[in-house]
Structures are given as C-alpha cells and as structure tokens.
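A short worksheet on the structure shown next.
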Number of protein chains: 2
Amino acid sequence: MTKSALQIARAAYQPKLPKALRGNVKAVEGAPTQSVADQEAIKELFPNTYGIPVITFEESAENVQLPAINVGVILSGGQAPGGHNVISGIFDGIKKLNPESKLYGFILGPGGLVEHNYKELTADIIDEYRNTGGFDIIGSGRTKLEKESQFDKGLEILKQLNIQALVIIGGDDSNTNACVLAEYYAAKNTGVQVIGCPKTIDGDLKNEMIEASFGFDTACKVYSEVIGNIERDCNSARKYWHFIKLMGRSASHIALECALQTQPNLCIISEEVEAKNMSLDDVVTYIAQAVANRAAQGNNYGTVLIPEGLIEFIPAMKKLIAELNDFLAANAEEFAHIKKSHQRDYIISKLSKENAEIYASLPEGVARQLTLDRDPHGNVQVSLIETEKLLSDMVAVKLAQWKDEGKYVGKFAAQHHFFGYEGRCAAPSNYDADYCYLLGYTASRLIAAGKTGYMSSVRNTTAPVGEWIAGGVPITMMMNMERRHGEMKPVIQKALVKLDGAPFKRFAEMRDQWTITTDYVYPGPIQYFGPTEVCDQPTKTLLLEQGKA
Amino acid sequence: MTKSALQIARAAYQPKLPKALRGNVKAVEGAPTQSVADQEAIKELFPNTYGIPVITFEESAENVQLPAINVGVILSGGQAPGGHNVISGIFDGIKKLNPESKLYGFILGPGGLVEHNYKELTADIIDEYRNTGGFDIIGSGRTKLEKESQFDKGLEILKQLNIQALVIIGGDDSNTNACVLAEYYAAKNTGVQVIGCPKTIDGDLKNEMIEASFGFDTACKVYSEVIGNIERDCNSARKYWHFIKLMGRSASHIALECALQTQPNLCIISEEVEAKNMSLDDVVTYIAQAVANRAAQGNNYGTVLIPEGLIEFIPAMKKLIAELNDFLAANAEEFAHIKKSHQRDYIISKLSKENAEIYASLPEGVARQLTLDRDPHGNVQVSLIETEKLLSDMVAVKLAQWKDEGKYVGKFAAQHHFFGYEGRCAAPSNYDADYCYLLGYTASRLIAAGKTGYMSSVRNTTAPVGEWIAGGVPITMMMNMERRHGEMKPVIQKALVKLDGAPFKRFAEMRDQWTITTDYVYPGPIQYFGPTEVCDQPTKTLLLEQGKA
C-alpha cells in the first residue's frame, strides 16, 4: 500500500477519549425501556432483548481484570467515513481489557459470516488503517442477515473461533437485523452477544440516544467543500445554473446540512415536498420562479441542491411509479413486444388517467428510464433517474414558455453534478475519527459488561470530547412495526428531516434571502491540523438540534 | 459575504517572498531573446517587443522611490485557483513602491476594458479576497482582445484613469493577445505597458521560463482528493468500474498529474493516443482488456481517468468531426428536414466510406450528439460529448462479445464522474497562494522597471520560497506561427504532455503494475496548517520535470 503524505501524517492521530473511559469503567444501568411504538408487538418478538435498560459508562475505582475475549466484526452496507476507526476502537478496547483478546473481521460484509470468510485483525493490520477512510480493511457487502439458516451457519464459525461477541457496523436495516440476531442467539443460549454501531452518511439513523450516524459529518463536509468551490465558480463566471444532486435516498439530511454549510440559492427538501403534497410541476415551477426572479436582477446564475430521493417523495410520482411497477410486472410479456417508438403511447394508453397525464408530461428520456431500466424484480430503478437533469430540462421548458409569455427575460444554461462516491470513503474528520473510535471502544465495554442487543451510543458530542457520554441503547427501544414487502416487520424507525426541527427551521428562515442575494459560503476542504474552530466543528445539523447554533 | 471558519483562518496567511524581493530590488537584463520558432515572422509582427531580454530581479542596495502609478488588472477566461492572490500581489507591490499608487480592476474580463466597466480595488476590498479561490473580486470573461478598435476603446479609459500599465491574467491565448496589445500600445507611443500572468488549470502554458501556470497545482490536488476517495470506495465495495473524466481539453496534464498522485488502474493520455494513431476502438479495446485481465483475477472493479479532450486527439475521430462540420455546414437546410429517426442513416450515406464506418460504429447517443448539438458556427460541440459514458458503453459492448467468445468471465458495472468546476475555484494551496502572490508582486516590479510585452515569471519553485527566482520573460520568446481559423497567426506555443518527458515516462513505467495490482494512493484534502511535507509539496509533474522525484 503506497501512502500519501497526509495519510502518513494522519496515521499518528490518537483519537481522544472522554474522561469517563480513560481509566477503570463501570456500567451504570438506567430504567427499563420501551420501544418507540408498537410496544406489545415488539416485546413479543424480542422477549430476551426487550425492555432492557440504557447503559452509561462511568469512572470506577475498581480495577477489574477480564479474561481474554474473541470478538468478530462486520461492516454492512454502503461505505461511510470512520469505519476503520470503529474497528480500531474495538481492537484497542478489547486489548486493554486483556492483551490476549482477539479480533476477527468477516470479509465483504454479513456474507463473510455466513460463508465463513474471515481474517484475524492483528495490531500491524489495524495500524495500517487508523484514521483512514474506506471499508477496505475487510470490505463491506449488502447481504442481509435475516434467515435462521444464516444465523445457524454464522454460529458455526463463531463457535469454531470461540467468538463471544459480534459487532455489526451498519445502517438502520443492518442494526435491525443485528437485534434479530441478538435475540436469536440469546433465545438459543448460544452465549454470543451482538452489538450494533450506527453507520450511514445519510444521517437517517438517529434519535434521542443516537445523536448521529457516523460518516455523516465527514461526507457532508466533503460535499460542502466541492459545492462551495462550484458556488465560487458560479459567482465568478456568472453564466450557469448548477444543479447538484446529493446522495441520500431515504432522507434529505445531507442536502439540508450542505445547504446550511454553503448557502446555495435553492435547496429542495424531499420531506417538505411530500408534506406539502407538491407535484413535479410544482417543484419545477418553484425552481423556475427563482431563476426568473434572479434573472430579473441580471443574475443568470445560481446553485440548486437536490436530494437523490426526491422523485420518490413526490406523492404523484410515487403513485405513478407504483402503477408502472404493477402494470409492467403483470404485462412484461406484452410490453416486450411493443416497438420502442410506440412504448410511450402504449404506456399512456394503459395507465389510469391521472398517472397517464403525469407520465405524458415527463421528458422523453425520463419516461424511457421509468419503463426500460427495471431491476430483476421488474421494479423501476428510481436511483438511475438523473433527477438533476430531469429538473433542469423541465425548468428550461418552463422558462421558454414564460419567455414567450413575456414573463421571463434571461439566459438559462445548466451544469449538472452528482456527489456521492466522492465522500463515502473520505478519511474521517476529527469529529468522525473521535466519534467512530469511541463507538468501537464503547462496543468493547458493552461486550465486557455482558450486554447483547445494544447499539453503541456516544452522546453530548457538541461538547469537547472529554465530556462525551458513552454507553449502550437497547436496539428494541428504537423500533416500531412497519410494512415491508407486504409484511409487518419490526424495524428501527428511520429519522427523516423534521419540518419542525431546528435545522429545517433555520434553513426555512434564511432560504428566501439566499435565493435572491448571493451569499454563498465556501467551507473549503476538511482540515486536520489547524485551529480548533476550523478542525473540530460538528455539523450545523447537530449544533442546531442541540440548540448550540 | 458570510465567511466559513477556514476562510477566516486562511485570510491571515501571508504569502512568502523570495529573499531577492524582500528589500530593494533591481532588474537585471539577460541577453536578447528569440521566439521558439518562425523568428522572422514574429519579429516583423512585433518590432517593439521582439528580441528584448529576459529580466531577473535581484537584491539591490539602492533605495529607489518611485512616483505613484495607476495599474489596471483583467482576469481573462476560465477560473483558476489563486487569481485573487495575483491581484493582491500586484496591489501590495505597487503600494510598496508608492502608497499613493492605485489599482483598478476591469469587470467581467477583457470586455470590462472595452466597455469601460471597472472599479478601484482598495485595501478593504483586497483584504476580503486574500488567499481565496474564485475570480469573483472582479469576475472574468471570454471576450477576446484582438481588434484595434477594442485596443483604442480600451486606451480611452486607461488614459482617463491615468493607468500606466495593464496586467492581463490569462491562458495562452489571452497572453498572446496581451502581447499584441503591448506591441500596439508601444507602436503608438501611448505610454501604456502590458504585462501578462500565466493562468490555467490545464497546465498547458509552460516552458523553460514559465514552470507552471497557476491553478494547476490546486485544481489537481482537489481532483486527486475526490479521485482518491472514489478509489477507496471502489476498493471497499469491489463492484464498480469508475470512469472519471477530468477537465482540460487541449492537453492531458491534469489527467497525468492526477494519475501520478492517485495511481488508478488506467489513465488515458490523449497525446499518446494521437502519437500512436489509435482509433476509438483501440482505446476501447485497451480498457476492455484491462477489465478482462482484472476480472480473471476476480477483481471486477477499477478506476479509469480520461482527459476531457480525448475525442479530438483520436486522429480518426478528428477527421470524422472535420467532415461532419463541413458537411453539416454546407447542407444545414437539407439536414434540418430529415426525420430524426432517419438522420443516422442519412449521415452514413453522405460521409466518405472511412468516416461512415466510424460513425456507424458509435453508440446511438454519441452519434446523435455529433450531429444535433452544434455551436452557433455549425460546429460539433465536442465538449458536450460524455466521453466517460461513451467509453464505458463501448467497453460493455466489447466485453459482452468477449463473454460470448469465452474470452471474458466477469461482471462489468460502471459509475461515471466528471470533475472540472469542482477544482477551478478552490482556495489556493500554499504553493499556488505563494506562486500567485509572487506572480502579481513581480508584475508590479516589471511595471516599475518600465517593461512591456513581458510575462511575469517565477522559477525554481520546487525549492523553498526564499530561493524562488522572480523576473520577466518576453512573451514573443514563447511564440510561433500557427494556423487558426484558416489564417497564420502568432501564438504562444501550447505545452502538451511530452511523451519523452519525465512525468509521462514515470507514469509509463508504473502503469502496467497499477492496472493489475490495486495500489491506489489516497492524497486526501489540501491541508493549509499541517506539516510541510503535507502542506507545501508542488505537483508530481513539476518535481519530475525538475528531476526531484
């Protein structure tokens, strides 16, 4: 592995620990807990891991020597900055408990557990990966751990390696599955504990006890760096509207955070679009109106942030996609024989009136994507729709109409960007480096305390690290019942952008001003070595949520 | 202007000056110079600015007090990191010569001079922009200063503001025009000097006396940061080939520098494609073979860097585009009446056999772009071709063939990226902050020495700043005669990637290894405050060119 100068310098960074974890530690139990909703149903499904207390770690005078333990770790789902620090935190934690403890990594995600694909993570391996981005130390994967046959298969290798605890680093679904696994292993008296860690750049795994999912901080800072650079270009050249799509399908936290950091002229928040029951045309009109207003002042340029998942939050589009999915699944054979040039008219003739009208209003390319590019289950692949181009094409059409009607005078030219892969594997910011290391270190303490079905929890993270609070939250506490693929399932409640929350409210207060004036902010690249106000700031979202901005 | 924490911290950075410029300075003249080629023709066109000596500034014991001077500055063409520092260097330079000196900025590029659109740049304005990216202090523009009527119109405002010297910050064409303007003003005894500064992220304005065009360092570092992040994602998820196009149409310096910094699996260098007379199919086969070779080892992932201008460097594509331009210009009327679905066949029937075959081999979308999207002169807009998608589509087709033939076993899925606007307005790296400031400061010294037709030159920049050498190079010295729009014109010779130069040779030595093994390097974001080996490195290109890497 050839290393860059920054990587070498950064390897020496020692994540900070809160005071409570620096010496001997005791686990303090709170009151019994309940799930956020559907208490009876969740309780029934998780008899062994329901109702258990929140854990907080505090300083202790007692020096407990523990026997060596073997721990397994899995990286599940999409990459997020800081995964390697979670693993080094676990490693340092279990080694501190007993230098004979061992850490095993399962290769390429949950599949590695089922397929018995693993490697021991020794000190020399761990040291190569401290404070680096990526999940390449063991790789990640999207296999879902859901079936008992998988659990049993996994148990074989856990027993063989004498692993007493498994740490699953993943998003809401992976942590849900971690809890199901914890329950299963507890019910079977296997002696294997399961601990989850909250990972996702999307920021949608959070609640009162989980302030942030790791990676959100770093990813948003990388995106904000390049958005700021584009804004500065926009403001220098003064000739383009930049449409910037940001990763994050199920919630708009990333777009909102980047908007708070960079103050673009416009930012669409999917949750608001849904709440206001906006149509695609409403969104297009909203953007076009802003373009026209700026043009009236002679400013034919601007920046728009768009969340990746927007299309699915537009109620009418959601209905259209649902009907298309049903129709194409039922008529795949017939549709396959329709000539390409007739497909559009064919679809229009078959849809309900309401959906047919919407479908007919879509630009040709998008209409084609909605019918041609389907996944193996026959479903429309919404993630392939280039929403940033769709919107700018439709805005251009609308502006041309308005020009004919004398309502718009200006030039409209667009550039398109999509940022996702650019930030998921960035080296963690100081915040994520510390937060992740501590999530891992805390996981080792939960294991030492004999806990299972917990998520590692680190709170009070807008304070200096010394004052951060480490502990564990029962995963069942975050669950409710939701319909998934036609069945009611216990799942961790997804955290969407709250329209009455402080981050959105701040944005809503300022956005009209940003649309008209040009008050771009240029955050610049993540800094690791400079003054603390530059290097150690948490996200605006977190500061606002905690009333600190 | 709302400022980020980094911007506030960075404002305090004081660019360093070489020892020779810290106190009193004298201009030392070298021997008379010649143009790089076509000496007689250039000499005839530039009787007043040809043959003048190279200037070097050295320490002097003599303290010369100069009268106040008024200077104008223009930002020309695409943005590049560090433009604001050139301006602050000029400002500090002329204020040091005499605190009564004034700096005027012409607004939105050369057009500002012609249209008398300007503002005085006072200390409070300058201080807002030190060490920031962008050209937004006065904006930039692409108006070409070529006609005597423009020169005369410009002279009016220069005389009105009592401006004795104009600094034009731009690329090769803008500096060519600066020299034509210098010659014109000299021939007319206007008393107005003209000085150029070498700007372009593309890196194609360089030679023995101009080590680098400013912005190349910063832009390449921003691109390398995100490329490295994508590589790390690639190496973690192990399921995609990432096709990454990089800005820079006329030369592949950016792609080459980013390849040296990040060690991707593949990087295409346009100059090599042209020199080897490769066809589009050759390029596609080269990439597909690498994909197949990696797949044979179980690695169905990788990264490919592609220079923006590739298509125009493929000799066969260049010929095709030339014939299309001629044909469509001559038959615009007829072509406009051809039905869209028949256009492709129509074009094929009209082209020469050789070009018709190439055209027929192109994916439908690209073929359409080549005939539909034309600029106001009827020319194909090559910059709109999504080369990264074109290549990955064609690679997919080739791999599917090979799969049928049993020559390829693997999965091929691609992601596409295009980086350009992300880096052009980044805040300058320490290198560019120092280099640009010094280019501006040196321009002020050339003005004080009464020079015109010079480009500000700062050399020895791989040494510590104290040892950098500042001076001026006659612009005529870099010129030759080239055919432009059917006419022979004096222009600055463009610096393409030299296939016998050290940067390309290093790349060529290592690339086979990079293709097979995965030895990505993750440079991370530009750092401003850390250890010098992290913060103050010049580009690999420059280090290799100077035999220092």
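Naming scheme: A, B, ... for chains in displayed order of the structure tokens; residues 1 onward per chain; ligands 1 onward as shown.
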Item checked: All residues 10 Å or closer to Val291 (chain A), only C-alpha atoms, same chain fewer than 3 positions away omitted, as a VMD selection string -> chain A and resid 241 265 to 266 285 to 288 294 to 296 299 to 303 395 to 396 399 408 410 to 412 515 to 516
Name the residues in contact with Glu354 (chain A) at a cut-off of 10 Å, using only C-alpha atoms, excluding same-chain residues fewer than 2 positions from it; report them as a tab-separated table (two decimals) with N, CA and C atoms, in the first residue's frame.
```tsv
chain	number	residue	atom	x	y	z
A	316	ALA	N	-47.36	12.26	-6.24
A	316	ALA	CA	-47.90	11.85	-7.54
A	316	ALA	C	-46.94	10.93	-8.28
A	319	LYS	N	-47.09	7.45	-6.81
A	319	LYS	CA	-48.25	6.70	-7.31
A	319	LYS	C	-48.01	6.21	-8.72
A	320	LEU	N	-47.45	7.10	-9.56
A	320	LEU	CA	-47.16	6.71	-10.95
A	320	LEU	C	-46.20	5.52	-10.98
A	351	LEU	N	-52.30	3.43	-18.57
A	351	LEU	CA	-52.31	3.94	-17.18
A	351	LEU	C	-53.65	4.60	-16.86
A	352	SER	N	-53.91	4.73	-15.56
A	352	SER	CA	-55.07	5.49	-15.12
A	352	SER	C	-54.91	6.92	-15.63
A	356	ALA	N	-51.45	8.75	-16.31
A	356	ALA	CA	-51.14	8.91	-17.73
A	356	ALA	C	-50.76	10.36	-18.03
A	357	GLU	N	-51.48	11.28	-17.41
A	357	GLU	CA	-51.17	12.70	-17.64
A	357	GLU	C	-49.79	13.05	-17.12
A	358	ILE	N	-49.47	12.55	-15.95
A	358	ILE	CA	-48.14	12.83	-15.39
A	358	ILE	C	-47.06	12.21	-16.27
A	359	TYR	N	-47.31	10.98	-16.66
A	359	TYR	CA	-46.31	10.28	-17.50
A	359	TYR	C	-46.09	11.05	-18.79
```
For the contact check between chain A and chain B, emit one row per residue of chain A within 6 Å, containing the shortest atom pair and the distance in Å rounded to one decimal, counting only C-alpha atoms, chain then rising number order, as CSV.
```
residue,atom,partner,partner_atom,distance
A:Met1,CA,B:Asp519,CA,5.9
A:Thr2,CA,B:Val521,CA,5.9
A:Lys3,CA,B:Val521,CA,5.8
A:Ser4,CA,B:Pro523,CA,5.1
A:Ala5,CA,B:Val534,CA,5.4
A:Leu6,CA,B:Val534,CA,5.4
A:Gly134,CA,B:Arg232,CA,5.4
A:Phe135,CA,B:Ser236,CA,5.0
A:Asp136,CA,B:Ser236,CA,4.3
A:Gly139,CA,B:Ser236,CA,4.9
A:Val226,CA,B:Glu422,CA,5.2
A:Asn229,CA,B:Ala426,CA,5.2
A:Ile230,CA,B:Glu422,CA,5.5
A:Arg232,CA,B:Gly134,CA,5.4
A:Asp233,CA,B:Cys425,CA,5.4
A:Ser236,CA,B:Asp136,CA,4.3
A:Tyr421,CA,B:Ile230,CA,5.5
A:Glu422,CA,B:Val226,CA,5.2
A:Cys425,CA,B:Asn229,CA,5.2
A:Ala426,CA,B:Asn229,CA,5.2
A:Asp519,CA,B:Met1,CA,5.8
A:Val521,CA,B:Lys3,CA,5.8
A:Pro523,CA,B:Ser4,CA,5.1
A:Pro525,CA,B:Pro525,CA,5.7
A:Gln527,CA,B:Gln527,CA,5.9
A:Phe529,CA,B:Gly530,CA,5.0
A:Gly530,CA,B:Phe529,CA,5.0
A:Val534,CA,B:Ala5,CA,5.4
```
Check: With only C-alpha atoms as the atoms that count, which of A:Lys548, A:Ile338, A:Ser457, A:Asn480 lies nearest to Ala502 (chain A)?
Finding: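 Selected residue with least distance to Ala502 (chain A): A:Lys548.
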Which residues come within 12 Å of Lys159 (chain A), counting only C-alpha atoms, excluding same-chain residues fewer than 2 positions away, as a compact mmCIF listing (two decimals) with N, CA, C and O atoms, in the first residue's frame?
```txt
# COMPACT_ATOMS: atom_id res chain seq x y z
N ASN A 70 -12.70 -13.18 22.45
CA ASN A 70 -12.62 -13.08 20.99
C ASN A 70 -13.87 -12.38 20.48
O ASN A 70 -14.98 -12.72 20.88
N VAL A 71 -13.64 -11.41 19.59
CA VAL A 71 -14.75 -10.61 19.06
C VAL A 71 -14.70 -10.66 17.53
O VAL A 71 -13.62 -10.68 16.94
N GLY A 72 -15.87 -10.69 16.92
CA GLY A 72 -15.96 -10.61 15.46
C GLY A 72 -16.55 -9.28 15.06
O GLY A 72 -17.33 -8.69 15.80
N LEU A 113 -19.74 -13.79 7.30
CA LEU A 113 -20.12 -14.60 8.47
C LEU A 113 -20.75 -15.91 8.00
O LEU A 113 -20.38 -17.00 8.47
N HIS A 116 -18.24 -18.08 6.18
CA HIS A 116 -17.03 -18.39 6.98
C HIS A 116 -15.78 -17.82 6.33
O HIS A 116 -14.74 -18.46 6.26
N ASP A 152 -27.61 -19.73 11.97
CA ASP A 152 -27.03 -21.01 12.39
C ASP A 152 -25.67 -21.24 11.74
O ASP A 152 -24.72 -21.68 12.39
N LYS A 153 -25.62 -20.92 10.45
CA LYS A 153 -24.36 -21.06 9.72
C LYS A 153 -23.30 -20.16 10.35
O LYS A 153 -22.14 -20.56 10.52
N GLY A 154 -23.70 -18.94 10.68
CA GLY A 154 -22.78 -18.00 11.31
C GLY A 154 -22.30 -18.53 12.66
O GLY A 154 -21.12 -18.40 13.00
N LEU A 155 -23.23 -19.11 13.40
CA LEU A 155 -22.88 -19.60 14.72
C LEU A 155 -21.76 -20.64 14.67
O LEU A 155 -20.91 -20.68 15.55
N GLU A 156 -21.79 -21.45 13.62
CA GLU A 156 -20.74 -22.48 13.48
C GLU A 156 -19.36 -21.86 13.54
O GLU A 156 -18.49 -22.30 14.28
N ILE A 157 -19.16 -20.79 12.73
CA ILE A 157 -17.81 -20.21 12.68
C ILE A 157 -17.51 -19.43 13.95
O ILE A 157 -16.37 -19.40 14.43
N LEU A 161 -14.27 -20.23 16.20
CA LEU A 161 -13.24 -19.24 16.54
C LEU A 161 -13.35 -18.78 17.99
O LEU A 161 -12.64 -17.88 18.42
N ASN A 162 -14.28 -19.40 18.71
CA ASN A 162 -14.50 -19.04 20.11
C ASN A 162 -14.82 -17.56 20.28
O ASN A 162 -14.33 -16.88 21.18
N ILE A 163 -15.64 -17.04 19.36
CA ILE A 163 -16.04 -15.64 19.40
C ILE A 163 -17.24 -15.48 20.31
O ILE A 163 -18.27 -16.12 20.12
N GLN A 164 -17.09 -14.60 21.33
CA GLN A 164 -18.18 -14.39 22.28
C GLN A 164 -19.09 -13.25 21.91
O GLN A 164 -20.17 -13.09 22.46
N ALA A 165 -18.60 -12.39 21.01
CA ALA A 165 -19.43 -11.23 20.66
C ALA A 165 -19.15 -10.79 19.24
O ALA A 165 -18.03 -10.88 18.75
N LEU A 166 -20.21 -10.33 18.62
CA LEU A 166 -20.15 -9.89 17.23
C LEU A 166 -20.58 -8.42 17.21
O LEU A 166 -21.61 -8.06 17.76
N TYR A 185 -29.69 -15.51 19.14
CA TYR A 185 -28.59 -16.12 19.87
C TYR A 185 -28.86 -16.18 21.38
O TYR A 185 -28.42 -17.12 22.06
N THR A 190 -26.78 -19.34 23.14
CA THR A 190 -25.51 -19.62 22.48
C THR A 190 -24.33 -18.98 23.18
O THR A 190 -23.19 -19.32 22.93
N GLY A 191 -24.65 -17.95 24.00
CA GLY A 191 -23.56 -17.23 24.65
C GLY A 191 -22.89 -16.21 23.76
O GLY A 191 -21.88 -15.61 24.14
N VAL A 192 -23.45 -15.99 22.58
CA VAL A 192 -22.87 -14.97 21.69
C VAL A 192 -23.66 -13.67 21.81
O VAL A 192 -24.87 -13.66 21.61
```
